[in-house]
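This report concerns only the one structure given below.
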Amino acid sequence: DECEIEVKVPVEGLKMSPKKVTLNPGDSCQLTVKVSPKKATIQSLTWYTSDEKTATVDKNGTVHAVSSGKTTVYCLSDDGYYKSSCEVTVK
């Protein structure tokens, strides 16, 4: 008999870059996140913003500035519930 064993490597942290960004309405920028360890089994992230009237974020971490104000964009690891953020100012 044979048995296949899969060893799950949990997420231990996230690091978003940049941590702060200033945009004009209509502009966009790409946020990047490093998942640690690099060999974590589940690398997927969920993105959201605290104020979609100021800026939105898509599933790939692209921030789109909507109107003047400040908001925070977050990413949450789908494994381990680690969170990282970026402060977004829209002029």
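Going by the structure tokens order, chains are called A, B, ..., each with residues numbered from 1, while ligands are numbered from 1 in the order shown.
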
Query raised in the report: Quick one: residues within 9 Å of region 4-13 of chain A, only C-alpha atoms counted, chain neighbours fewer than 5 positions away excluded, as JSON, numbers by chain?
Result: {"A": [34, 35, 36, 37, 38, 39, 40, 41, 42, 43, 77, 78, 79, 80, 81, 82, 83, 84]}

Report task. Extract, using only C-alpha atoms, all DNA, RNA and protein residues at most 7 Å from Cys86 (chain A), discarding same-chain residues fewer than 5 positions from it, and format them as a ChimeraX atom specification. Result -> /A:18-20,72-74

Report task. Identify, on the basis of only C-alpha atoms, every residue whose closest approach to Tyr48 (chain A) does not exceed 8 Å; exclude the query and any residue fewer than 2 positions from it along the same chain; express the result as JSON, numbers by chain. Result -> {"A": [46, 50, 56, 57, 58, 73, 74, 75]}

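Between CA of Gly61 (chain A) and CA of Val90 (chain A) lies a distance of 16.6 Å.
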
Query - Contacts of Asp27 (chain A) at 10 Å (only C-alpha atoms; same-chain gap of 3+ positions) as number ranges by chain - result: A: 22-24, 55, 63-66, 90

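For the atom pair formed by CA of Glu87 (chain A) and CA of Ser44 (chain A), the distance is 21.4 Å, given to one decimal.
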
What's around Asn60 (chain A) at 9 Å? Count only C-alpha atoms, leave out sequence neighbours fewer than 5 positions away in its own chain, and write the answer as a PDB file with C-alpha atoms, in the first residue's frame.
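Okay, part15.pdb is ready:
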ATOM      1  CA  GLN A  30      -0.061  48.588  -7.899  1.00  0.00           C
ATOM      2  CA  LEU A  31       0.499  47.340  -4.364  1.00  0.00           C
ATOM      3  CA  THR A  32       2.635  44.272  -3.783  1.00  0.00           C
ATOM      4  CA  LEU A  45      -5.030  37.147  -0.535  1.00  0.00           C
ATOM      5  CA  THR A  46      -8.270  39.047  -0.068  1.00  0.00           C
ATOM      6  CA  TRP A  47      -8.109  42.792  -0.743  1.00  0.00           C
TER       7      TRP A  47
END
